[in-house]
file run.txt (compact mmCIF, C-alpha atoms)
# COMPACT_ATOMS: atom_id res chain seq x y z
CA MET A 18 -33.25 11.65 27.19
CA VAL A 19 -29.58 11.04 26.48
CA MET A 20 -28.80 10.65 22.78
CA SER A 21 -27.01 7.38 22.11
CA TRP A 22 -25.44 8.60 18.84
CA ARG A 23 -22.54 10.99 18.72
CA TYR A 24 -23.64 12.24 15.34
CA CYS A 25 -27.04 12.89 13.95
CA LEU A 26 -27.43 9.84 11.74
CA PRO A 27 -30.10 9.88 9.04
CA SER A 28 -32.92 7.37 9.03
CA LEU A 29 -33.10 5.06 6.02
CA ALA A 30 -36.12 6.94 4.69
CA ASP A 31 -34.12 10.19 4.63
CA LEU A 32 -31.23 8.82 2.57
CA PRO A 33 -30.97 10.12 -1.01
CA LYS A 34 -32.09 7.55 -3.55
CA VAL A 35 -29.80 6.61 -6.39
CA SER A 36 -31.88 6.60 -9.56
CA ARG A 37 -30.94 3.14 -10.78
CA LEU A 38 -29.25 0.19 -9.09
CA LEU A 39 -29.94 -2.56 -11.57
CA PHE A 40 -26.98 -4.42 -13.06
CA GLU A 41 -26.93 -7.11 -15.73
CA ASP A 42 -23.81 -8.62 -14.11
CA VAL A 43 -22.29 -8.28 -10.66
CA ALA A 44 -19.07 -7.04 -12.33
CA GLY A 45 -21.04 -3.91 -13.18
CA THR A 46 -20.94 -2.96 -9.51
CA ILE A 47 -17.16 -2.49 -9.58
CA GLY A 48 -16.11 1.09 -8.89
CA SER A 49 -18.22 4.16 -8.05
CA THR A 50 -17.42 3.52 -4.40
CA PRO A 51 -18.67 5.90 -1.68
CA LEU A 52 -16.60 8.70 -0.21
CA VAL A 53 -17.50 9.11 3.45
CA GLY A 54 -16.54 11.65 6.07
CA LEU A 55 -14.69 10.66 9.23
CA PRO A 56 -15.74 13.57 11.45
CA GLY A 57 -14.55 11.98 14.65
CA LEU A 58 -11.05 11.17 13.45
CA SER A 59 -9.53 14.47 12.34
CA PRO A 60 -7.23 16.07 14.90
CA ASN A 61 -7.85 19.49 13.33
CA PRO A 62 -11.40 20.91 13.16
CA GLU A 63 -10.45 22.90 10.05
CA VAL A 64 -9.34 19.81 8.17
CA LYS A 65 -11.84 17.16 7.12
CA ILE A 66 -10.77 13.60 6.46
CA TRP A 67 -12.72 11.59 3.90
CA ALA A 68 -12.43 7.90 3.05
CA LYS A 69 -13.09 6.25 -0.29
CA LEU A 70 -14.33 2.82 0.70
CA GLU A 71 -12.91 0.38 -1.84
CA GLY A 72 -14.05 -2.47 0.37
CA GLN A 73 -17.48 -1.83 -1.20
CA ASN A 74 -16.35 -3.47 -4.46
CA PRO A 75 -17.84 -6.95 -5.06
CA THR A 76 -14.91 -8.96 -3.68
CA GLY A 77 -14.12 -6.37 -1.04
CA SER A 78 -11.11 -4.52 -2.42
CA VAL A 79 -9.80 -1.92 -4.85
CA LYS A 80 -8.23 -4.76 -6.85
CA ASP A 81 -11.57 -5.55 -8.53
CA ARG A 82 -11.01 -2.45 -10.65
CA VAL A 83 -7.51 -3.55 -11.63
CA ALA A 84 -8.39 -7.18 -12.33
CA LEU A 85 -11.32 -6.28 -14.59
CA GLU A 86 -9.24 -3.79 -16.56
CA MET A 87 -6.17 -6.05 -16.91
CA ILE A 88 -8.24 -8.96 -18.25
CA ALA A 89 -10.32 -6.78 -20.58
CA ARG A 90 -7.20 -5.22 -22.10
CA ALA A 91 -5.43 -8.58 -22.44
CA GLU A 92 -8.43 -9.96 -24.31
CA ALA A 93 -8.65 -6.90 -26.52
CA SER A 94 -4.95 -7.11 -27.39
CA GLY A 95 -5.18 -10.84 -28.17
CA GLU A 96 -2.68 -11.79 -25.43
CA LEU A 97 -5.38 -13.67 -23.51
CA THR A 98 -7.35 -16.16 -25.54
CA PRO A 99 -9.64 -19.07 -24.57
CA GLY A 100 -7.58 -22.02 -23.35
CA ARG A 101 -4.78 -19.97 -21.85
CA VAL A 102 -4.28 -20.07 -18.08
CA ILE A 103 -3.99 -16.87 -16.07
CA LEU A 104 -1.06 -16.89 -13.63
CA GLU A 105 -0.45 -14.11 -11.10
CA PRO A 106 1.77 -13.50 -8.05
CA THR A 107 -0.38 -11.97 -5.33
CA SER A 108 -0.51 -11.80 -1.58
CA GLY A 109 -4.26 -11.80 -1.64
CA ASN A 110 -6.59 -9.13 -2.91
CA THR A 111 -5.57 -9.23 -6.57
CA GLY A 112 -5.81 -13.01 -6.54
CA ILE A 113 -9.36 -12.83 -5.21
CA SER A 114 -10.34 -10.18 -7.76
CA LEU A 115 -8.74 -12.09 -10.63
CA ALA A 116 -10.44 -15.29 -9.47
CA PHE A 117 -13.77 -13.45 -9.55
CA VAL A 118 -13.19 -12.04 -13.05
CA ALA A 119 -11.66 -15.27 -14.41
CA LYS A 120 -14.66 -17.28 -13.20
CA ARG A 121 -17.10 -14.85 -14.80
CA LYS A 122 -15.19 -15.12 -18.08
CA GLY A 123 -14.42 -18.84 -18.02
CA TYR A 124 -10.63 -18.82 -17.59
CA ARG A 125 -8.56 -21.05 -15.35
CA LEU A 126 -6.48 -19.05 -12.82
CA VAL A 127 -3.41 -20.02 -10.81
CA CYS A 128 -2.39 -17.65 -7.99
CA VAL A 129 1.11 -17.71 -6.52
CA MET A 130 0.97 -16.39 -2.99
CA PRO A 131 3.10 -16.45 0.16
CA GLU A 132 2.17 -19.34 2.45
CA THR A 133 1.65 -16.76 5.20
CA ALA A 134 -1.37 -15.21 3.47
CA SER A 135 -4.44 -15.26 5.67
CA LYS A 136 -7.01 -18.06 5.58
CA GLU A 137 -9.74 -15.71 4.37
CA ARG A 138 -7.76 -15.03 1.19
CA THR A 139 -7.12 -18.65 0.35
CA GLN A 140 -10.78 -19.48 1.06
CA MET A 141 -12.08 -16.71 -1.18
CA ILE A 142 -9.76 -17.66 -4.03
CA ALA A 143 -10.93 -21.26 -3.68
CA ALA A 144 -14.58 -20.12 -3.56
CA PHE A 145 -14.18 -18.57 -6.99
CA GLY A 146 -12.60 -21.78 -8.28
CA ALA A 147 -8.97 -20.70 -8.71
CA GLU A 148 -5.89 -22.73 -7.79
CA ILE A 149 -3.15 -21.62 -5.39
CA VAL A 150 0.58 -22.32 -5.52
CA TYR A 151 2.37 -21.29 -2.35
CA SER A 152 5.71 -19.46 -2.25
CA PRO A 153 7.96 -19.43 0.85
CA GLY A 154 6.43 -17.17 3.49
CA GLU A 155 9.78 -15.80 4.57
CA LYS A 156 10.38 -14.39 1.09
CA GLY A 157 7.22 -12.27 1.17
CA SER A 158 5.66 -10.77 -1.95
CA ASN A 159 9.05 -10.77 -3.66
CA GLY A 160 9.18 -14.57 -3.32
CA ALA A 161 5.74 -14.95 -4.96
CA ILE A 162 6.86 -12.77 -7.89
CA GLU A 163 10.05 -14.79 -8.30
CA LEU A 164 8.23 -18.14 -8.32
CA ALA A 165 5.49 -16.95 -10.69
CA LYS A 166 8.11 -15.76 -13.17
CA GLN A 167 9.78 -19.18 -13.07
CA MET A 168 6.43 -20.89 -13.70
CA LEU A 169 5.65 -18.53 -16.57
CA GLU A 170 8.83 -19.58 -18.35
CA SER A 171 8.00 -23.26 -17.89
CA ASP A 172 4.64 -23.33 -19.73
CA VAL A 173 3.57 -21.29 -22.76
CA ALA A 174 -0.12 -21.73 -21.80
CA PHE A 175 0.35 -19.30 -18.92
CA TYR A 176 -0.62 -15.66 -19.36
CA MET A 177 0.53 -13.40 -16.53
CA PRO A 178 -1.26 -10.04 -16.17
CA TYR A 179 1.51 -9.01 -13.74
CA GLN A 180 -0.12 -6.20 -11.79
CA TYR A 181 3.29 -4.78 -10.83
CA GLY A 182 4.16 -4.03 -14.45
CA ASN A 183 0.75 -3.81 -16.17
CA GLU A 184 -0.15 -0.28 -17.26
CA ALA A 185 -3.85 -1.18 -16.93
CA ASN A 186 -3.25 -1.00 -13.17
CA PRO A 187 -2.51 2.75 -12.91
CA LEU A 188 -4.67 3.48 -15.97
CA VAL A 189 -7.90 2.31 -14.36
CA HIS A 190 -7.22 4.64 -11.44
CA TYR A 191 -6.38 7.50 -13.80
CA GLN A 192 -9.55 6.94 -15.81
CA ALA A 193 -12.00 6.08 -13.03
CA THR A 194 -10.86 6.31 -9.41
CA GLY A 195 -9.31 9.78 -9.76
CA PRO A 196 -12.30 11.31 -11.57
CA GLU A 197 -14.69 9.74 -9.03
CA ILE A 198 -12.76 11.39 -6.19
CA VAL A 199 -12.68 14.84 -7.78
CA SER A 200 -16.34 14.60 -8.76
CA ASP A 201 -17.33 13.86 -5.16
CA MET A 202 -14.79 16.20 -3.53
CA PRO A 203 -13.83 19.09 -5.85
CA ASP A 204 -12.12 20.87 -2.92
CA ILE A 205 -9.67 18.05 -2.24
CA THR A 206 -6.32 19.29 -0.87
CA HIS A 207 -4.53 15.99 -0.18
CA PHE A 208 -4.76 12.43 -1.42
CA VAL A 209 -3.38 9.58 0.68
CA ALA A 210 -3.22 5.91 -0.31
CA GLY A 211 -1.20 2.88 0.70
CA LEU A 212 1.82 1.90 -1.34
CA GLY A 213 1.63 -1.65 -2.70
CA THR A 214 2.12 -1.97 -6.44
CA GLY A 215 2.00 1.82 -6.67
CA GLY A 216 -0.85 1.57 -9.19
CA THR A 217 -3.41 3.54 -7.18
CA LEU A 218 -1.00 6.33 -6.25
CA THR A 219 0.37 6.54 -9.79
CA GLY A 220 -3.02 6.57 -11.54
CA VAL A 221 -4.92 8.84 -9.15
CA GLY A 222 -1.77 10.93 -8.68
CA ARG A 223 -1.37 11.53 -12.44
CA PHE A 224 -5.02 12.51 -12.75
CA LEU A 225 -4.73 14.95 -9.85
CA LYS A 226 -1.44 16.46 -11.09
CA GLU A 227 -3.07 17.13 -14.48
CA THR A 228 -6.39 18.47 -13.22
CA LYS A 229 -5.63 19.85 -9.76
CA PRO A 230 -1.87 20.26 -9.48
CA GLU A 231 -2.13 21.95 -6.09
CA VAL A 232 -3.28 18.68 -4.47
CA LYS A 233 -0.58 16.92 -2.45
CA VAL A 234 -0.24 13.20 -3.16
CA ILE A 235 1.15 11.25 -0.21
CA ALA A 236 2.03 7.54 0.06
CA ALA A 237 1.46 5.62 3.28
CA GLU A 238 4.00 2.84 3.21
CA PRO A 239 3.32 -0.19 5.40
CA GLU A 240 6.48 -1.04 7.34
CA GLN A 241 6.34 -4.81 7.30
CA GLY A 242 7.95 -7.06 9.87
CA GLU A 243 11.52 -7.92 8.94
CA LEU A 244 10.60 -11.52 8.18
CA VAL A 245 8.11 -10.34 5.57
CA TYR A 246 10.82 -8.40 3.77
CA GLY A 247 12.76 -11.62 3.42
CA LEU A 248 15.66 -10.10 1.51
CA ARG A 249 18.99 -11.83 1.26
CA SER A 250 20.68 -8.94 -0.47
CA LEU A 251 19.92 -5.57 -1.93
CA GLU A 252 19.63 -7.17 -5.36
CA ASP A 253 16.40 -8.79 -4.13
CA GLY A 254 14.93 -5.31 -3.76
CA PHE A 255 12.09 -4.38 -6.02
CA ILE A 256 10.37 -1.25 -7.29
CA PRO A 257 7.18 -2.05 -9.23
CA PRO A 258 7.61 -0.91 -12.85
CA VAL A 259 4.14 0.76 -12.85
CA PHE A 260 5.05 2.94 -9.87
CA ASP A 261 5.81 6.52 -10.93
CA GLU A 262 7.43 8.14 -7.90
CA SER A 263 7.34 11.56 -9.57
CA VAL A 264 3.63 12.02 -8.75
CA LEU A 265 4.33 11.83 -5.03
CA ASP A 266 4.84 14.81 -2.73
CA GLY A 267 5.75 12.65 0.23
CA ARG A 268 6.10 9.11 1.47
CA ILE A 269 5.59 8.19 5.11
CA LYS A 270 6.15 4.75 6.57
CA VAL A 271 3.80 3.37 9.18
CA GLY A 272 4.46 0.44 11.48
CA ALA A 273 2.04 -2.34 12.39
CA LYS A 274 1.28 -0.90 15.83
CA ALA A 275 0.02 2.45 14.56
CA SER A 276 -1.84 0.76 11.71
CA ILE A 277 -3.68 -1.57 14.08
CA GLU A 278 -4.50 1.25 16.50
CA TRP A 279 -6.06 3.37 13.76
CA THR A 280 -7.78 0.43 12.07
CA ARG A 281 -9.46 -0.16 15.42
CA ALA A 282 -10.33 3.53 15.70
CA LEU A 283 -12.00 3.30 12.29
CA ALA A 284 -14.17 0.43 13.48
CA SER A 285 -15.22 2.52 16.46
CA GLU A 286 -16.39 5.14 13.95
CA GLY A 287 -18.37 2.53 12.02
CA VAL A 288 -15.86 1.90 9.22
CA PHE A 289 -14.72 -1.72 9.18
CA ALA A 290 -11.60 -1.50 7.04
CA GLY A 291 -8.44 -3.51 6.41
CA LEU A 292 -5.13 -3.01 8.12
CA SER A 293 -3.55 -0.75 5.50
CA SER A 294 -6.47 1.65 5.97
CA GLY A 295 -5.25 2.28 9.51
CA ALA A 296 -1.85 3.20 8.07
CA VAL A 297 -3.49 5.56 5.57
CA LEU A 298 -5.55 7.19 8.32
CA PHE A 299 -2.45 7.59 10.51
CA VAL A 300 -0.75 9.51 7.67
CA ALA A 301 -3.89 11.58 6.99
CA ARG A 302 -4.00 12.63 10.64
CA LYS A 303 -0.33 13.59 10.52
CA LEU A 304 -1.04 15.79 7.50
CA ALA A 305 -4.14 17.27 9.15
CA GLU A 306 -2.02 18.37 12.12
CA ARG A 307 0.31 20.29 9.78
CA THR A 308 -2.37 21.82 7.55
CA GLY A 309 -4.38 24.99 8.21
CA GLU A 310 -7.54 23.83 6.50
CA GLY A 311 -8.48 21.36 3.83
CA ASN A 312 -10.05 18.13 2.70
CA ILE A 313 -7.87 15.05 2.89
CA VAL A 314 -9.13 12.15 0.80
CA CYS A 315 -7.92 8.70 1.88
CA LEU A 316 -8.32 5.58 -0.20
CA PHE A 317 -9.09 2.55 1.96
CA ALA A 318 -8.06 -0.39 -0.19
CA ASP A 319 -10.18 -3.09 1.44
CA GLY A 320 -12.64 -3.99 4.13
CA GLY A 321 -11.78 -5.68 7.41
CA TRP A 322 -13.41 -9.02 6.65
CA LYS A 323 -10.28 -10.68 5.25
CA TYR A 324 -8.37 -9.90 8.46
CA LEU A 325 -10.75 -11.45 10.97
CA SER A 326 -8.53 -14.49 11.54
CA THR A 327 -5.72 -12.21 12.77
CA ASP A 328 -7.91 -11.21 15.75
CA ILE A 329 -6.47 -7.69 15.56
CA TRP A 330 -9.69 -6.18 16.90
CA SER A 331 -9.83 -8.39 19.98
CA LYS A 332 -6.23 -9.12 21.01
CA GLN A 333 -4.09 -6.96 23.25
CA LEU A 334 -2.22 -4.48 21.06
CA GLU A 335 1.21 -6.10 21.48
CA GLU A 336 -0.23 -9.54 20.67
CA ALA A 337 -1.99 -8.10 17.63
CA VAL A 338 1.29 -6.62 16.37
CA GLU A 339 2.93 -10.04 16.72
CA ALA A 340 0.03 -11.63 14.81
CA VAL A 341 0.77 -9.59 11.69
CA GLU A 342 4.57 -9.75 11.94
CA TYR A 343 4.78 -12.74 9.64
CA MET A 344 2.18 -11.76 7.06
CA PRO A 345 2.06 -9.03 4.46
CA TRP A 346 -0.70 -6.46 5.12
CA MET B 18 25.88 24.02 10.70
CA THR B 19 25.89 22.15 13.99
CA ARG B 20 26.74 18.50 13.98
CA MET B 21 24.06 16.35 15.56
CA SER B 22 24.26 12.86 16.93
CA VAL B 23 21.45 10.66 15.68
CA GLU B 24 20.35 7.03 15.73
CA VAL B 25 20.48 5.22 12.40
CA ARG B 26 18.44 2.01 12.14
CA ILE B 27 19.95 -0.76 10.05
CA PRO B 28 17.79 -3.31 8.19
CA ALA B 29 18.43 -7.03 8.66
CA VAL B 30 19.79 -7.37 5.13
CA PHE B 31 22.67 -4.95 5.95
CA ARG B 32 23.52 -6.12 9.46
CA ALA B 33 26.27 -8.41 8.30
CA HIS B 34 28.14 -5.16 7.61
CA THR B 35 27.48 -3.67 11.10
CA ALA B 36 28.54 -6.70 13.14
CA GLY B 37 24.86 -7.48 13.70
CA ALA B 38 23.98 -4.07 15.15
CA LYS B 39 20.31 -3.14 14.63
CA SER B 40 21.09 0.54 15.05
CA VAL B 41 24.21 2.66 15.16
CA THR B 42 24.94 6.22 16.24
CA ALA B 43 26.41 8.70 13.78
CA GLU B 44 27.03 12.41 13.54
CA GLY B 45 26.52 15.13 10.99
CA ALA B 46 24.61 18.26 10.06
CA THR B 47 22.75 16.75 7.12
CA ILE B 48 21.42 13.34 6.22
CA GLY B 49 24.28 12.91 3.75
CA ASP B 50 26.81 13.72 6.47
CA VAL B 51 25.27 11.22 8.86
CA LEU B 52 25.20 8.42 6.30
CA SER B 53 28.81 9.17 5.33
CA ASP B 54 29.74 8.95 9.01
CA VAL B 55 28.03 5.54 9.19
CA VAL B 56 30.02 4.40 6.16
CA ARG B 57 33.29 5.61 7.78
CA SER B 58 32.57 3.24 10.69
CA TYR B 59 31.23 0.43 8.51
CA PRO B 60 32.90 0.78 5.07
CA GLU B 61 31.17 -2.25 3.53
CA LEU B 62 27.86 -0.40 3.80
CA GLY B 63 29.08 2.23 1.37
CA GLY B 64 28.40 0.26 -1.79
CA GLN B 65 25.02 -0.82 -0.42
CA ILE B 66 23.71 2.67 0.34
CA PHE B 67 25.38 4.89 -2.24
CA THR B 68 25.85 4.63 -5.99
CA ASP B 69 29.17 5.52 -7.65
CA ASP B 70 28.12 9.17 -7.93
CA ASP B 71 27.33 9.34 -4.18
CA SER B 72 23.56 9.45 -4.58
CA LEU B 73 21.23 7.05 -2.79
CA HIS B 74 21.00 3.59 -4.32
CA ARG B 75 17.64 3.21 -6.10
CA PHE B 76 16.71 0.15 -4.03
CA VAL B 77 17.41 1.89 -0.73
CA ASN B 78 14.92 4.14 1.01
CA VAL B 79 16.07 6.37 3.87
CA TYR B 80 13.49 7.76 6.27
CA LEU B 81 13.92 10.73 8.60
CA ASN B 82 11.43 10.24 11.44
CA ASP B 83 9.37 7.96 9.16
CA GLU B 84 9.38 10.28 6.12
CA ASP B 85 11.21 9.38 2.91
CA VAL B 86 14.12 11.80 2.63
CA ARG B 87 13.78 11.94 -1.17
CA TYR B 88 10.76 14.21 -0.56
CA LEU B 89 12.46 16.26 2.18
CA GLY B 90 15.33 17.62 0.12
CA GLY B 91 17.35 14.44 -0.13
CA LEU B 92 20.80 14.01 1.34
CA SER B 93 21.20 17.77 1.91
CA CYS B 94 18.24 17.83 4.33
CA GLU B 95 19.37 19.16 7.73
CA ILE B 96 18.75 17.07 10.80
CA SER B 97 17.89 17.97 14.38
CA ASP B 98 18.86 16.53 17.71
CA GLY B 99 16.86 13.42 18.51
CA ASP B 100 16.01 12.64 14.91
CA VAL B 101 15.99 9.00 13.87
CA LEU B 102 17.14 7.82 10.47
CA ALA B 103 15.98 4.43 9.18
CA ILE B 104 17.36 2.63 6.16
CA LEU B 105 14.98 0.21 4.44
CA PRO B 106 15.33 -1.81 1.25
CA ALA B 107 12.67 -1.38 -1.45
CA VAL B 108 10.32 -4.35 -1.66
CA ALA B 109 7.05 -5.24 -3.30
CA GLY B 110 4.63 -3.84 -0.78
CA GLY B 111 1.64 -4.96 1.18
CA LEU B 112 -1.34 -7.05 0.28
CA THR B 113 -1.27 -6.68 -3.45
call {"tool": "encode", "arguments": {"input": "run.txt", "output": "structure tokens"}}
result
Amino acid sequence: MVMSWRYCLPSLADLPKVSRLLFEDVAGTIGSTPLVGLPGLSPNPEVKIWAKLEGQNPTGSVKDRVALEMIARAEASGELTPGRVILEPTSGNTGISLAFVAKRKGYRLVCVMPETASKERTQMIAAFGAEIVYSPGEKGSNGAIELAKQMLESDVAFYMPYQYGNEANPLVHYQATGPEIVSDMPDITHFVAGLGTGGTLTGVGRFLKETKPEVKVIAAEPEQGELVYGLRSLEDGFIPPVFDESVLDGRIKVGAKASIEWTRALASEGVFAGLSSGAVLFVARKLAERTGEGNIVCLFADGGWKYLSTDIWSKQLEEAVEAVEYMPW
Amino acid sequence: MTRMSVEVRIPAVFRAHTAGAKSVTAEGATIGDVLSDVVRSYPELGGQIFTDDDSLHRFVNVYLNDEDVRYLGGLSCEISDGDVLAILPAVAGGLT
């Protein structure tokens, strides 16, 4: 008989049982995401690639961690009080996570997002009862930040967590995501994550530099289509205040084509992840080719569900690249 | 050190200074040499790429074959034949 599986997969009965999976509130399921091996995707048999699946968080992305922490700290500091309105520039995942947390806690939320954001994102934000204000698509994430700042000045009721400048963003990764990774993979040699706000890389990177300084921390930087950059001059450039570049050992840019190719490869290995995960995997493979032996831990920021409308898994590659040229990913 | 001829990709935001060219060819032994050669041909780019003390502007990222040169030794990093340099402005990234 020919085996239909490439790997020896366990049956459900053989899986280890977690002692307790009872939560008083769905928010309690944030974090403690699984770290899974990608045995078919390493180009070097001496180097294992592992993926921390942040798509397993309740709204499907790593931003659930950040949203919960930002709101909790704002309440504790007295900045966020009942009656105030949360306002945040976001191109998607943070808006969804904030909408989830705001709904659970009874706050009104307004998200400012580029009009090019995918339908899944706007639908999910609406599902959690938040409002959306659109910024010009051609100005990308920078345009959403600019508009949100203008709105903040116009109404004192607004409270803006501002993920790009909120220390709760890297802190939650320093306090939770980093320790989770080292607990599951003490022999980690490299950590790779996508560069967005820089919060994940900064927080996990700081934890690793303090506890395992030999680990290399590498950023995978999505190279967006030129229209997404939307800059009129260099003065429109932006480096998120929470991003501490000193924790990095390297920064590699990845174009849409390679990201789509490797996002598809992930699906063929059973991991349905978002587009930036393909970029992270591309970088991990590059590192694996240069490394004698090791364990490369990738952080996959979200699942693939929010990208279904782009058809990147079914279109011809060139068409798929065009489909994401106008949207941030 | 041998001078190499390499392709330098120019971002849309700077193309007004390169007569619309998406990429230009420049020569040098190091990344700093190559960028200085670009600025000799297109002087208006100088203030966009370099600060007054001749270091890279904070809002400009330069990539050698897709890797940020700040982590490869900076402007003194030597280049090889066939290398590609890309200049990109810093922006708020991805789906945040």
call {"tool": "closest_atom_pairs", "arguments": {"input": "run.txt", "of": "chain B", "to": "chain A", "cutoff": "12 Å", "atoms": "all atoms listed in the file", "output": "JSON lines"}}
result
{"residue": "B:Ile27", "atom": "CA", "partner": "A:Glu243", "partner_atom": "CA", "distance": 11.1}
{"residue": "B:Pro28", "atom": "CA", "partner": "A:Glu243", "partner_atom": "CA", "distance": 7.8}
{"residue": "B:Ala29", "atom": "CA", "partner": "A:Glu243", "partner_atom": "CA", "distance": 7.0}
{"residue": "B:Val30", "atom": "CA", "partner": "A:Ser250", "partner_atom": "CA", "distance": 5.9}
{"residue": "B:Phe31", "atom": "CA", "partner": "A:Ser250", "partner_atom": "CA", "distance": 7.8}
{"residue": "B:Arg32", "atom": "CA", "partner": "A:Ser250", "partner_atom": "CA", "distance": 10.7}
{"residue": "B:Ala33", "atom": "CA", "partner": "A:Ser250", "partner_atom": "CA", "distance": 10.4}
{"residue": "B:His34", "atom": "CA", "partner": "A:Ser250", "partner_atom": "CA", "distance": 11.6}
{"residue": "B:Lys39", "atom": "CA", "partner": "A:Glu243", "partner_atom": "CA", "distance": 11.5}
{"residue": "B:Leu62", "atom": "CA", "partner": "A:Leu251", "partner_atom": "CA", "distance": 11.1}
{"residue": "B:Gly64", "atom": "CA", "partner": "A:Leu251", "partner_atom": "CA", "distance": 10.3}
{"residue": "B:Gln65", "atom": "CA", "partner": "A:Leu251", "partner_atom": "CA", "distance": 7.1}
{"residue": "B:Ile66", "atom": "CA", "partner": "A:Leu251", "partner_atom": "CA", "distance": 9.3}
{"residue": "B:Phe67", "atom": "CA", "partner": "A:Leu251", "partner_atom": "CA", "distance": 11.8}
{"residue": "B:His74", "atom": "CA", "partner": "A:Leu251", "partner_atom": "CA", "distance": 9.5}
{"residue": "B:Arg75", "atom": "CA", "partner": "A:Ile256", "partner_atom": "CA", "distance": 8.6}
{"residue": "B:Phe76", "atom": "CA", "partner": "A:Gly254", "partner_atom": "CA", "distance": 5.7}
{"residue": "B:Val77", "atom": "CA", "partner": "A:Leu251", "partner_atom": "CA", "distance": 8.0}
{"residue": "B:Asn78", "atom": "CA", "partner": "A:Arg268", "partner_atom": "CA", "distance": 10.1}
{"residue": "B:Val79", "atom": "CA", "partner": "A:Lys270", "partner_atom": "CA", "distance": 10.4}
{"residue": "B:Tyr80", "atom": "CA", "partner": "A:Lys270", "partner_atom": "CA", "distance": 7.9}
{"residue": "B:Leu81", "atom": "CA", "partner": "A:Ile269", "partner_atom": "CA", "distance": 9.4}
{"residue": "B:Asn82", "atom": "CA", "partner": "A:Ile269", "partner_atom": "CA", "distance": 8.9}
{"residue": "B:Asp83", "atom": "CA", "partner": "A:Lys270", "partner_atom": "CA", "distance": 5.2}
{"residue": "B:Glu84", "atom": "CA", "partner": "A:Ile269", "partner_atom": "CA", "distance": 4.4}
{"residue": "B:Asp85", "atom": "CA", "partner": "A:Arg268", "partner_atom": "CA", "distance": 5.3}
{"residue": "B:Val86", "atom": "CA", "partner": "A:Arg268", "partner_atom": "CA", "distance": 8.5}
{"residue": "B:Arg87", "atom": "CA", "partner": "A:Gly267", "partner_atom": "CA", "distance": 8.2}
{"residue": "B:Tyr88", "atom": "CA", "partner": "A:Gly267", "partner_atom": "CA", "distance": 5.3}
{"residue": "B:Leu89", "atom": "CA", "partner": "A:Gly267", "partner_atom": "CA", "distance": 7.9}
{"residue": "B:Gly90", "atom": "CA", "partner": "A:Gly267", "partner_atom": "CA", "distance": 10.8}
{"residue": "B:Gly91", "atom": "CA", "partner": "A:Gly267", "partner_atom": "CA", "distance": 11.7}
{"residue": "B:Ala103", "atom": "CA", "partner": "A:Lys270", "partner_atom": "CA", "distance": 10.2}
{"residue": "B:Ile104", "atom": "CA", "partner": "A:Lys270", "partner_atom": "CA", "distance": 11.4}
{"residue": "B:Leu105", "atom": "CA", "partner": "A:Glu240", "partner_atom": "CA", "distance": 9.1}
{"residue": "B:Pro106", "atom": "CA", "partner": "A:Gly254", "partner_atom": "CA", "distance": 6.1}
{"residue": "B:Ala107", "atom": "CA", "partner": "A:Gly254", "partner_atom": "CA", "distance": 5.1}
{"residue": "B:Val108", "atom": "CA", "partner": "A:Phe255", "partner_atom": "CA", "distance": 4.7}
{"residue": "B:Ala109", "atom": "CA", "partner": "A:Phe255", "partner_atom": "CA", "distance": 5.8}
{"residue": "B:Gly110", "atom": "CA", "partner": "A:Gly213", "partner_atom": "CA", "distance": 4.2}
{"residue": "B:Gly111", "atom": "CA", "partner": "A:Trp346", "partner_atom": "CA", "distance": 4.8}
{"residue": "B:Leu112", "atom": "CA", "partner": "A:Trp346", "partner_atom": "CA", "distance": 4.9}
{"residue": "B:Thr113", "atom": "CA", "partner": "A:Ser108", "partner_atom": "CA", "distance": 5.5}
call {"tool": "atom_distance", "arguments": {"input": "run.txt", "atom1": "atom CA of A:Ala93", "atom2": "atom CA of A:Asp42"}}
result
19.7 Å
call {"tool": "atom_distance", "arguments": {"input": "run.txt", "atom1": "atom CA of A:Gly45", "atom2": "atom CA of A:Asn74"}}
result
9.9 Å
call {"tool": "residues_around", "arguments": {"input": "run.txt", "residues": "B:Ser58", "least_positions_apart": "4", "cutoff": "12 Å", "atoms": "only C-alpha atoms", "output": "mmCIF file with C-alpha atoms, in the frame of the given file"}}
result
data_model
loop_
_atom_site.group_PDB
_atom_site.id
_atom_site.type_symbol
_atom_site.label_atom_id
_atom_site.label_comp_id
_atom_site.auth_asym_id
_atom_site.auth_seq_id
_atom_site.Cartn_x
_atom_site.Cartn_y
_atom_site.Cartn_z
ATOM 1 C CA HIS B 34 28.140 -5.160 7.610
ATOM 2 C CA THR B 35 27.480 -3.670 11.100
ATOM 3 C CA ALA B 36 28.540 -6.700 13.140
ATOM 4 C CA VAL B 41 24.210 2.660 15.160
ATOM 5 C CA THR B 42 24.940 6.220 16.240
ATOM 6 C CA ALA B 43 26.410 8.700 13.780
ATOM 7 C CA GLU B 44 27.030 12.410 13.540
ATOM 8 C CA VAL B 51 25.270 11.220 8.860
ATOM 9 C CA LEU B 52 25.200 8.420 6.300
ATOM 10 C CA SER B 53 28.810 9.170 5.330
ATOM 11 C CA ASP B 54 29.740 8.950 9.010
ATOM 12 C CA LEU B 62 27.860 -0.400 3.800
ATOM 13 C CA GLY B 63 29.080 2.230 1.370
#
call {"tool": "atom_distance", "arguments": {"input": "run.txt", "atom1": "atom CA of A:Leu164", "atom2": "atom CA of A:Ser326"}}
result
26.2 Å
call {"tool": "residues_around", "arguments": {"input": "run.txt", "residues": "A:Glu96", "least_positions_apart": "5", "cutoff": "9 Å", "atoms": "only C-alpha atoms", "output": "list in words"}}
result
Arg90, Ala91 and Tyr176 of chain A
